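**Student:** Got a structure for you, questions after.
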2 protein chains.
Amino acid sequence: MNILHSEKSAEHFSGNQQEQHPEIKIALAQLEIEPGRPDLNVARIIEIIKAERQRLTDLVVFPEMAVSGYMLGDKWESRSFVEDLAAYNQEIAAATEGITAIWGNLDLDHSKINHDGTVRKYNAALVAQNGQLLPPKVYKTNLPTYRQFHDARHFTSAAELAREQHQTLADLIAPVEIQLHDTRIKLGLLLCEDMWWEDYGPDFNVARILQQKGVDLLINLSCSPWGLNKNNKRHRVVKNLLPEDQQRPPFLYVNNVGMQDIGKTLFHFDGGTTAYDQDGKIIGECRRNLAGTLHLSLQQGQISIEPNTDHSSASPEIGTPATLENQETPIQEIKQALISSMKKFAVQNRMKRIIIGLSGGIDSAVSAALWSEVIGAENVFAVNMPTRYNSSTTKNIAELIAHNLGVNYSVVPIENDFNNTVKELEEVTFQDASGLVRTIKLSGLNKENIQSRLRGSTVLSGLASALGAYISCNGNKVEFAYGYATLYGDIIGALAPLGDLLKGQVYDLAREINRESSSEIIHEECLTLIASAELSEDQNIDQGKGDPFLYPYHDTLTRHFVEWLHQPEDILKLLLAGKFETLGVSEEQLLKYFGSREKMLTDLEHKWTALHKNVFKRYQAPPIIKVSSRAFGYDFHESQVPAYFSRRYQQLKTKFLEK
Amino acid sequence: MNILHSEKSAEHFSGNQQEQHPEIKIALAQLEIEPGRPDLNVARIIEIIKAERQRLTDLVVFPEMAVSGYMLGDKWESRSFVEDLAAYNQEIAAATEGITAIWGNLDLDHSKINHDGTVRKYNAALVAQNGQLLPPKVYKTNLPTYRQFHDARHFTSAAELAREQHQTLADLIAPVEIQLHDTRIKLGLLLCEDMWWEDYGPDFNVARILQQKGVDLLINLSCSPWGLNKNNKRHRVVKNLLPEDQQRPPFLYVNNVGMQDIGKTLFHFDGGTTAYDQDGKIIGECRRNLAGTLHLSLQQGQISIEPNTDHSSASPEIGTPATLENQETPIQEIKQALISSMKKFAVQNRMKRIIIGLSGGIDSAVSAALWSEVIGAENVFAVNMPTRYNSSTTKNIAELIAHNLGVNYSVVPIENDFNNTVKELEEVTFQDASGLVRTIKLSGLNKENIQSRLRGSTVLSGLASALGAYISCNGNKVEFAYGYATLYGDIIGALAPLGDLLKGQVYDLAREINRESSSEIIHEECLTLIASAELSEDQNIDQGKGDPFLYPYHDTLTRHFVEWLHQPEDILKLLLAGKFETLGVSEEQLLKYFGSREKMLTDLEHKWTALHKNVFKRYQAPPIIKVSSRAFGYDFHESQVPAYFSRRYQQLKTKFLEK
């Protein structure tokens with residue numbers, strides 16, 4: 001035991017009781033990870049280790065993949081990159097004089113390969129004490145390979161390693177024993193999915209294996225993105241992880257905060273670092289969505305939260321341990337995820353300004369309000385770009401909302417541009433090899449798209465580059481699903497903040513924004529107005545005409561198709577079983593809107609076909625922030641395959657129409 | 001044995017010799033699979049089974065995932081979809097009266113789940129004879145989960161099943177025994193990656209396990225995309241699959257043709273269905289890139305190709321067995337992959353017309369030539385859109401190429417539009433909350449981008465919608481890598497045929513197009529011209545100014561970064577070791593172009609940074625066709641992480657500059 005540690009021990013053991021039952025001080029560091037920047041992350045990790053040593057902490061724990069971040073695409077296949085990452089393990093270990101640290105990073109085995117032929121990589125928990133890495137190696141067992149997770153693409157699991165060595169998983173897995181003061185502590189370490197074992201089968205309940213081997217503490221290192229109600233689900237999982245009739249150790253969960261992306265889709269990490277007692281009861285949690293550290297004490301096998309000590313001397317990364325928070329509403333959680341991710345995205349991309357088309361409709365109003373909160377209203381440039389088809393109603397609302405938000409505002413009518421473009425295009429002639437001349441005639445739909453592209457690619461893009469601003473894409477999930485938007489028109493921008501929100505959620509968000517503000521930000525008229533693209537006379541809101549959607553039916557249909565991978569036959573089953581509540585509407589509403597059962601199915605088939613046809617637009621759409629259980633982008637792999645109607649659908653269709 | 005079969009047997013056994021050694025007639029069906037359309041695929045499969053029965057074939061074999069196709073994104077997670085697919089197995093089985101058929105499809109086990117919690121799915125080979133599915137179940141063992149492959153995301157492997165049942169893989173795997181005439185034949189069935197076992201370890205050599213159990217025939221059902229030189233690699237793998245000192249059975253490889261996509265990236269399937277004898281020698285191959293059937297005979301354990309029988313009565317899907325083809329050059333193989341994929345993409349999306357910006361440069365010239373071959377020159381609409389910055393040289397070349405190709409052609413100058421847009425944008429004023437007015441000033445770069453966007457989003461997009469045409473994106477891999485292109489400008493379109501080609505390959509392709517044609521299609525001047533965007537005076541080709549790339553150095557650098565995941569430190573290692581040949585240039589050329597070692601590294605750092613910064617443009621770029629070992633799109637997962645320079649890079653940099 002080194003001097004520093006001895007001094008600390010002396011202090012700890014000053015009382016009689018403590019001599020027999022030494023108190024072990026634990027810090028759970030809810031790190032904000034910078035994905036792809038091991039230099040910055042390791043600097044922060046070492047800074048925290050030093051601060052915790054000063055604080056006489058015995059054991060400091062960091063999240064999974066704390067060195068590199070987790071969502072790095074295929075960077076794991078770069079040999080020099082992973083060797084660079086692995087080398088940081090020694091560097092962190094060297095900083096552990098007088099303290100014990102646990103962190104997530106990869107571990108390499110140069111004598112073996114992964115199934116893709118690259119050097120063998122494990123998603124590992126590293127333990128170091130007094131400058132030395134401690135055995136045994138701890139590798140992730142359950143490698144999630146669904147949705148946004150690609151673990152099996154890059155890592156070898158502990159289960160695979162066991163099989164390779166002709167062992168069972170239970171043979172391989174072992175606690176890590178560490179000496180703290182005069183006590184030997186057995187730590188059972190899990191990596192993220194190791195606690196979510198149910199879909200892998202009981203053999204893969206790593207915590208249970210460790211319990212049977214005897215551990216004093218279970219610690220889960222995670223890099224787990226936020227999801228609606230996911231924290232509550234985790235509390236239940238912890239509660240049921242181990243049989244109650246055997247001794248259960250306290251359970252510590254350490255997760256990171258920040259934003260990481262898998263290309264088209266951004267993920268918010270809310271942290272939620274939590275200490276649970278033996279019964280799975282929550283002892284303490286880090287404040288959500290912020291970097292911070294939870295300080296705990298382990299004594300006589302009991303975990304307790306440290307009294308709220310003075311942190312004035314701590315580094316800025318060391319936050320205040322939080323008490324349990326009030327439950328937020330779903331839309332509050334979603335708003336938090338959006339704002340946090342947008343902020344981080346703005347910092348990551350050095351976004352100083354945002355330019356946004358402000359139509360007077362709900363989507364652009366809500367987007368403008370979010371961006372104002374994220375980078376300040378003074379950095380938001382809102383542009384209203386009317387033609388003859390835009391009503392004074394929406395033009396007035398746009399101006400009002402710009403005023404309410406305090407953003408920079410401009411009205412740039414595109415009527416002249418539109419007329420000139422139509423004229424110029426209709427003057428173009430093509431000559432073919434035989435000299436035959438072909439002229440151009442634009443249809444009504446062609447003209448609608450021209451308006452949209454002039455707004456997006458001429459006005460907004462031109463102003464954006466002059467202002468050094470990024471463009472906000474204001475599309476919502478329903479529009480992306482069915483392609484109710486124009487490529488290079490309204491489908492442009494650096495980020496679509498509402499891209500994973502249903503239309504109903506956009507309204508909920510508008511109400512939440514108004515609730516939070518002392519004054520009305522999003523004008524009531526904007527909330528009650530019929531939604532319309534206002535690109536032609538057929539979309540004249542003053543005549544009650546608008547977008548071809550019935551809400552909440554089409555919202556719900558989108559969830560069925562995208563989140564639950566339901567097909568038209570599944571929707572028909574629900575309709576036939578009279579389960580209209582799962583579609584968000586009554587039979588009467590459906591019949592009233594569509595006019596007949598035939599037309600109801602025509603729309604169902606049209607939407608299913610549109611969902612498939614518009615994969616090509618989603619290919620080229622800006623990134624979005626995941627808030628649903630399945631977001632477009634790489635969270636939802638989509639091939640450009642045609643809409644297919646199964647035989648079962650055809651049978652049920654006949655039945656439905658006969659009814 | 002049913003009547004039909006008996007009749008056939010009677011015919012077969014008419015000779016004395018054949019009575020003792022019955023001849024078994026085998027057909028390998030190189031199917032063109034329609035991804036996501038099981039109805040169409042199964043209709044074709046059953047049609048082929050019927051035709052083969054008429055032909056008195058004993059055993060007909062189809063590729064892996066022949067019912068659904070393989071690249072379907074996350075459709076595998078749809079319960080009703082996979083149940084629909086599985087139901088087709090009974091339907092195909094029912095069509096096997098008097099014949100034996102083997103095909104790939106999924107197999108479900110409703111009593112179990114996958115690790116993602118969805119119903120248990122196996123990538124399976126199904127065997128049916130006389131209307132009945134035959135045991136044992138054959139499931140894919142090695143589940144590729146890299147690059148474009150996501151098997152572990154959707155399927156459970158035979159290895160996992162064995163583990164679950166506390167068996168070894170060798171315990172689980174068994175030949176399928178079938179009765180053909182009076183002989184029992186033991187078939188060893190593999191699914192695609194099962195033959196590419198090397199990265200999985202010797203325990204996973206499924207062919208070897210089957211050999212040890214005794215099989216008369218090894219058959220591999222594949223759904224394996226084309227890659228440069230991949231067929232030759234496969235021949236070597238087959239040759240070395242089994243130890244030579246034990247009896248080796250003939251090996252049959254059945255693959256599909258067509259195009260399948262994983263979102264941003266299209267894959268060409270060239271078939272390459274092959275029969276190998278015991279020594280791994282090629283006996284016969286299907287004609288590449290076309291649907292067809294290879295007819296074989298198995299007698300006394302020897303496989304032989306059937307004499308070229310009259311196929312006039314066969315269904316259109318039954319092609320002519322091909323003799324071994326001449327080796328193509330790499331650029332010929334690439335052209336074949338591009339043309340085949342573009343054709344299939346055009347059919348899939350009902351593309352009747354293509355519109356293309358024709359600048360006079362090499363990329364648009366080659367793209368126009370490809371599209372002319374794909375959908376006919378009469379359906380290609382080429383537009384030259386000059387401003388004052390476009391030289392008469394390139395304008396003349398554009399016209400000449402349009403003439404050579406015989407496409408529809410139009411010149412649409414955008415000078416006026418450009419001037420008006422600049423004027424209008426510079427007249428825009430923004431007012432902030434305090435009433436402060438901000439004006440707009442466009443920079444030179446802003447103006448370059450305005451030209452590009454006017455061409456793409458105003459002229460081409462406007463004409464495209466009027467003509468019902470799809471837009472060709474003409475970008476190459478180097479431009480996509482470093483973002484040397486404008487979003488909503490030249491980065492628009494339905495498909496970027498050259499998106500995975502290096503600049504040097506684009507020139508090779510131009511020469512190949514000229515070679516194939518009787519006359520010069522792509523004018524010599526276009527091949528020798530300096531490459532330039534011609535968006536400003538600084539890009540004036542008449543003054544010898546052009547794009548900021550040194551070829552082939554920047555081509556090669558792109559391969560290092562993208563295909564081999566090399567980092568700047570790896571490039572520095574090559575430079576320090578004097579391995580300039582791996583960078584495509586000599587030290588002298590590098591120094592002459594950059595001027596100094598410092599500037600060489602400045603460019604290296606700039607390109608590495610640009611590669612990362614421009615992930616956002618690639619997010620929004622059109623799909624491409626994979627021809628390299630790693631293509632942008634979902635073949636190369638990219639997160640929007642910043643460029644990171646490792647400590648090793650900094651050390652080597654110092655060393656390099658001191659030299």
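By order in the structure tokens, chains are A, B, ...; within a chain, residues start at 1; ligands start at 1, following the order shown.
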With 6 Å as the cut-off and only C-alpha atoms counted, what is the closest atom pair between each nearby residue of chain B and chain A? Distances in Å to one decimal, ordered by chain and number, as a Markdown table.
**Tutor:**
| residue | atom | partner | partner_atom | distance |
| --- | --- | --- | --- | --- |
| B:Gly36 | CA | A:Val641 | CA | 5.8 |
| B:Leu72 | CA | A:Ser639 | CA | 5.3 |
| B:Gly73 | CA | A:Glu638 | CA | 4.4 |
| B:Asp74 | CA | A:His637 | CA | 5.2 |
| B:Ser78 | CA | A:Leu565 | CA | 4.8 |
| B:His115 | CA | A:Asp199 | CA | 4.9 |
| B:Gly117 | CA | A:Asp199 | CA | 5.3 |
| B:Thr145 | CA | A:Arg153 | CA | 5.1 |
| B:Tyr146 | CA | A:Arg153 | CA | 5.5 |
| B:Arg153 | CA | A:Thr145 | CA | 5.1 |
| B:Asp199 | CA | A:His115 | CA | 4.9 |
| B:Tyr200 | CA | A:His115 | CA | 5.2 |
| B:Asp261 | CA | A:Ser639 | CA | 5.6 |
| B:Ile262 | CA | A:Ser639 | CA | 4.8 |
| B:Gly263 | CA | A:Ser639 | CA | 4.5 |
| B:Gly406 | CA | A:Ala433 | CA | 4.8 |
| B:Val407 | CA | A:Asp432 | CA | 5.9 |
| B:Asn408 | CA | A:Asp432 | CA | 4.1 |
| B:Tyr409 | CA | A:Phe430 | CA | 5.2 |
| B:Ser410 | CA | A:Phe430 | CA | 4.9 |
| B:Phe430 | CA | A:Ser410 | CA | 4.9 |
| B:Gln431 | CA | A:Asn408 | CA | 5.2 |
| B:Asp432 | CA | A:Asn408 | CA | 4.1 |
| B:Ala433 | CA | A:Gly406 | CA | 4.8 |
| B:Leu442 | CA | A:Ala466 | CA | 5.2 |
| B:Asn446 | CA | A:Ser465 | CA | 5.9 |
| B:Ser465 | CA | A:Asn446 | CA | 5.8 |
| B:Ala466 | CA | A:Leu442 | CA | 5.1 |
| B:Tyr488 | CA | A:Tyr488 | CA | 5.5 |
| B:Leu565 | CA | A:Ser78 | CA | 4.8 |
| B:Gln620 | CA | A:Gln620 | CA | 3.9 |
| B:Ala621 | CA | A:Gln620 | CA | 5.7 |
| B:His637 | CA | A:Gly73 | CA | 4.4 |
| B:Glu638 | CA | A:Gly73 | CA | 4.4 |
| B:Ser639 | CA | A:Gly263 | CA | 4.5 |
| B:Val641 | CA | A:Gly36 | CA | 5.8 |
**Student:** Hey, what does DSSP flag as alpha helix (DSSP H) within stretch 238-450 of chain A? Can you give it to me as a PyMOL selection string?
**Tutor:** chain A and resi 238-239+330-348+362-375+392-405+415-427+444-450
**Student:** Smallest atom-to-atom distance to A:Ile305: which of A:Ile26, A:Ala170, A:Glu598, A:Ser224, using only C-alpha atoms?
**Tutor:**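 Residue with the minimum atom-to-atom distance to A:Ile305: A:Ile26.
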**Student:** Considering only C-alpha atoms, return as a list in words whatever protein or nucleic-acid residues lie within 10 Å of A:Leu106, sequence-local ones (same chain, fewer than 5 positions apart) excluded.
**Tutor:**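 The filter keeps Glu64, Met65, Ala66, Val67, Ser68, Trp76, Val82, Glu83, Leu85, Ala86, Ala87, Tyr88, Asn89, Arg120, Lys121, Tyr122, Asn123, Ala124, Ala125, Leu126, Tyr139, Lys140 and Phe155 of chain A.
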**Student:** Take the residues just selected and output them with N, CA, C and O atoms as a compact mmCIF listing (two decimals), in the first residue's frame.
**Tutor:**
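selection_2.txt, written as the output of this step:
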# COMPACT_ATOMS: atom_id res chain seq x y z
N GLU A 64 -18.92 2.74 -19.73
CA GLU A 64 -18.49 1.91 -20.87
C GLU A 64 -17.91 2.81 -21.97
O GLU A 64 -18.40 3.90 -22.20
N MET A 65 -16.86 2.33 -22.60
CA MET A 65 -16.26 3.03 -23.75
C MET A 65 -16.02 4.50 -23.45
O MET A 65 -16.29 5.38 -24.27
N ALA A 66 -15.51 4.73 -22.25
CA ALA A 66 -15.30 6.11 -21.80
C ALA A 66 -14.13 6.77 -22.52
O ALA A 66 -14.04 7.99 -22.59
N VAL A 67 -13.24 5.97 -23.07
CA VAL A 67 -12.05 6.54 -23.72
C VAL A 67 -12.39 7.08 -25.11
O VAL A 67 -11.95 8.16 -25.49
N SER A 68 -13.20 6.33 -25.84
CA SER A 68 -13.42 6.67 -27.25
C SER A 68 -14.81 7.14 -27.58
O SER A 68 -15.04 7.79 -28.60
N TRP A 76 -13.67 1.38 -35.65
CA TRP A 76 -13.10 0.23 -34.94
C TRP A 76 -12.28 -0.66 -35.86
O TRP A 76 -11.50 -1.48 -35.40
N VAL A 82 -7.43 1.62 -33.13
CA VAL A 82 -7.71 0.79 -31.95
C VAL A 82 -6.45 0.57 -31.12
O VAL A 82 -6.52 0.46 -29.89
N GLU A 83 -5.30 0.55 -31.78
CA GLU A 83 -4.06 0.43 -31.00
C GLU A 83 -3.81 1.70 -30.19
O GLU A 83 -3.34 1.64 -29.05
N LEU A 85 -6.19 3.58 -29.02
CA LEU A 85 -7.15 3.52 -27.91
C LEU A 85 -6.64 2.61 -26.80
O LEU A 85 -6.68 2.97 -25.61
N ALA A 86 -6.17 1.43 -27.20
CA ALA A 86 -5.73 0.45 -26.21
C ALA A 86 -4.54 0.99 -25.40
O ALA A 86 -4.42 0.73 -24.19
N ALA A 87 -3.69 1.78 -26.07
CA ALA A 87 -2.52 2.33 -25.37
C ALA A 87 -2.93 3.28 -24.24
O ALA A 87 -2.20 3.45 -23.26
N TYR A 88 -4.11 3.88 -24.37
CA TYR A 88 -4.58 4.78 -23.32
C TYR A 88 -4.87 4.04 -22.01
O TYR A 88 -4.90 4.66 -20.95
N ASN A 89 -5.09 2.73 -22.08
CA ASN A 89 -5.36 1.99 -20.84
C ASN A 89 -4.17 2.08 -19.88
O ASN A 89 -4.35 2.25 -18.67
N ARG A 120 -8.43 -8.87 -32.96
CA ARG A 120 -9.44 -9.21 -31.96
C ARG A 120 -9.67 -8.04 -30.98
O ARG A 120 -8.72 -7.54 -30.39
N LYS A 121 -10.92 -7.67 -30.85
CA LYS A 121 -11.30 -6.55 -29.99
C LYS A 121 -12.39 -6.99 -29.02
O LYS A 121 -13.34 -7.66 -29.42
N TYR A 122 -12.22 -6.59 -27.78
CA TYR A 122 -13.26 -6.81 -26.77
C TYR A 122 -13.73 -5.46 -26.24
O TYR A 122 -12.93 -4.54 -26.07
N ASN A 123 -15.01 -5.37 -25.97
CA ASN A 123 -15.57 -4.24 -25.26
C ASN A 123 -15.34 -4.56 -23.78
O ASN A 123 -15.98 -5.45 -23.22
N ALA A 124 -14.39 -3.87 -23.14
CA ALA A 124 -13.87 -4.32 -21.85
C ALA A 124 -14.09 -3.31 -20.72
O ALA A 124 -14.26 -2.12 -20.96
N ALA A 125 -14.08 -3.85 -19.49
CA ALA A 125 -13.98 -3.01 -18.29
C ALA A 125 -12.57 -3.19 -17.75
O ALA A 125 -12.13 -4.32 -17.52
N LEU A 126 -11.85 -2.10 -17.61
CA LEU A 126 -10.49 -2.15 -17.11
C LEU A 126 -10.48 -1.71 -15.64
O LEU A 126 -11.20 -0.80 -15.27
N TYR A 139 -14.76 -8.81 -20.05
CA TYR A 139 -15.26 -8.50 -21.38
C TYR A 139 -16.78 -8.57 -21.42
O TYR A 139 -17.40 -9.37 -20.73
N LYS A 140 -17.34 -7.76 -22.29
CA LYS A 140 -18.79 -7.74 -22.44
C LYS A 140 -19.27 -9.07 -22.99
O LYS A 140 -18.69 -9.61 -23.94
N PHE A 155 -16.92 -6.36 -32.09
CA PHE A 155 -16.30 -6.94 -30.91
C PHE A 155 -16.56 -8.44 -30.82
O PHE A 155 -17.53 -8.95 -31.37
**Student:** Any idea what the distance is between atom CA of A:Asp490 and atom CA of A:Gln336?
**Tutor:** 25.2 Å
**Student:** For the structure I just gave you, how does DSSP split stretch 378-444 of chain B - specifically, which residues are strand (DSSP E)? Reply as a PDB file with N, CA, C and O atoms, in the first residue's frame.
**Tutor:**
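The result, stored in selection-v5.pdb:
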ATOM      1  N   VAL B 380     -32.168   9.979 -72.733  1.00  0.00           N
ATOM      2  CA  VAL B 380     -31.245  10.779 -71.919  1.00  0.00           C
ATOM      3  C   VAL B 380     -31.344  12.235 -72.352  1.00  0.00           C
ATOM      4  O   VAL B 380     -31.290  12.537 -73.549  1.00  0.00           O
ATOM      5  N   PHE B 381     -31.515  13.116 -71.368  1.00  0.00           N
ATOM      6  CA  PHE B 381     -31.621  14.553 -71.635  1.00  0.00           C
ATOM      7  C   PHE B 381     -30.430  15.247 -70.999  1.00  0.00           C
ATOM      8  O   PHE B 381     -30.330  15.323 -69.774  1.00  0.00           O
ATOM      9  N   ALA B 382     -29.532  15.735 -71.843  1.00  0.00           N
ATOM     10  CA  ALA B 382     -28.318  16.370 -71.351  1.00  0.00           C
ATOM     11  C   ALA B 382     -28.458  17.885 -71.444  1.00  0.00           C
ATOM     12  O   ALA B 382     -28.977  18.406 -72.430  1.00  0.00           O
ATOM     13  N   VAL B 383     -28.009  18.545 -70.392  1.00  0.00           N
ATOM     14  CA  VAL B 383     -28.148  20.007 -70.330  1.00  0.00           C
ATOM     15  C   VAL B 383     -26.804  20.616 -69.991  1.00  0.00           C
ATOM     16  O   VAL B 383     -26.173  20.247 -69.001  1.00  0.00           O
ATOM     17  N   ASN B 384     -26.372  21.546 -70.819  1.00  0.00           N
ATOM     18  CA  ASN B 384     -25.178  22.330 -70.517  1.00  0.00           C
ATOM     19  C   ASN B 384     -25.653  23.671 -69.971  1.00  0.00           C
ATOM     20  O   ASN B 384     -26.495  24.330 -70.580  1.00  0.00           O
ATOM     21  N   ASN B 408     -30.661  13.678 -76.216  1.00  0.00           N
ATOM     22  CA  ASN B 408     -31.333  14.968 -76.317  1.00  0.00           C
ATOM     23  C   ASN B 408     -30.452  16.010 -75.641  1.00  0.00           C
ATOM     24  O   ASN B 408     -29.892  15.750 -74.579  1.00  0.00           O
ATOM     25  N   TYR B 409     -30.384  17.182 -76.225  1.00  0.00           N
ATOM     26  CA  TYR B 409     -29.413  18.149 -75.715  1.00  0.00           C
ATOM     27  C   TYR B 409     -30.014  19.542 -75.673  1.00  0.00           C
ATOM     28  O   TYR B 409     -30.788  19.941 -76.545  1.00  0.00           O
ATOM     29  N   SER B 410     -29.650  20.269 -74.648  1.00  0.00           N
ATOM     30  CA  SER B 410     -30.080  21.661 -74.545  1.00  0.00           C
ATOM     31  C   SER B 410     -29.006  22.471 -73.836  1.00  0.00           C
ATOM     32  O   SER B 410     -28.314  21.960 -72.950  1.00  0.00           O
ATOM     33  N   VAL B 411     -28.851  23.727 -74.282  1.00  0.00           N
ATOM     34  CA  VAL B 411     -27.962  24.647 -73.574  1.00  0.00           C
ATOM     35  C   VAL B 411     -28.851  25.641 -72.834  1.00  0.00           C
ATOM     36  O   VAL B 411     -29.693  26.301 -73.443  1.00  0.00           O
ATOM     37  N   THR B 429     -32.727  41.963 -46.184  1.00  0.00           N
ATOM     38  CA  THR B 429     -32.289  42.512 -44.898  1.00  0.00           C
ATOM     39  C   THR B 429     -33.025  41.790 -43.776  1.00  0.00           C
ATOM     40  O   THR B 429     -34.183  41.420 -43.922  1.00  0.00           O
ATOM     41  N   PHE B 430     -32.309  41.605 -42.691  1.00  0.00           N
ATOM     42  CA  PHE B 430     -32.916  40.992 -41.498  1.00  0.00           C
ATOM     43  C   PHE B 430     -33.049  42.060 -40.423  1.00  0.00           C
ATOM     44  O   PHE B 430     -32.131  42.873 -40.235  1.00  0.00           O
ATOM     45  N   GLN B 431     -34.145  41.997 -39.724  1.00  0.00           N
ATOM     46  CA  GLN B 431     -34.342  42.919 -38.618  1.00  0.00           C
ATOM     47  C   GLN B 431     -34.387  42.096 -37.333  1.00  0.00           C
ATOM     48  O   GLN B 431     -35.054  41.056 -37.283  1.00  0.00           O
ATOM     49  N   VAL B 437     -30.973  46.403 -38.302  1.00  0.00           N
ATOM     50  CA  VAL B 437     -31.100  45.800 -39.632  1.00  0.00           C
ATOM     51  C   VAL B 437     -29.746  45.247 -40.076  1.00  0.00           C
ATOM     52  O   VAL B 437     -28.722  45.913 -39.948  1.00  0.00           O
ATOM     53  N   ARG B 438     -29.758  44.011 -40.564  1.00  0.00           N
ATOM     54  CA  ARG B 438     -28.540  43.370 -41.012  1.00  0.00           C
ATOM     55  C   ARG B 438     -28.664  43.097 -42.523  1.00  0.00           C
ATOM     56  O   ARG B 438     -29.685  42.628 -42.984  1.00  0.00           O
ATOM     57  N   THR B 439     -27.616  43.423 -43.258  1.00  0.00           N
ATOM     58  CA  THR B 439     -27.653  43.181 -44.702  1.00  0.00           C
ATOM     59  C   THR B 439     -26.793  41.969 -45.052  1.00  0.00           C
ATOM     60  O   THR B 439     -26.070  41.447 -44.212  1.00  0.00           O
TER      61      THR B 439
END
**Student:** Which residue, B:Gln212, B:Asn474, B:Asn390, B:Ser517, has the smallest gap to B:Ala365 when you use only C-alpha atoms?
**Tutor:** B:Asn474
**Student:** Need the shell around A:Ser532: protein/DNA/RNA residues with any atom at most 7 Å away, counting only C-alpha atoms. Skip same-chain ones fewer than 2 positions apart. Format as a ChimeraX atom specification?
**Tutor:** /A:530,534,539,541,546-547
**Student:** So which residues touch B:Ala29 within 6 Å, counting only C-alpha atoms, skipping near sequence neighbours fewer than 6 positions away, as a tab-separated table (two decimals) with C-alpha atoms, in the first residue's frame?
**Tutor:**
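Below you can see selection_11.tsv, which holds the result:
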chain	number	residue	atom	x	y	z
B	61	VAL	CA	-30.88	-26.09	-56.44
B	62	PHE	CA	-31.67	-22.41	-55.85
B	293	THR	CA	-29.31	-22.84	-65.20
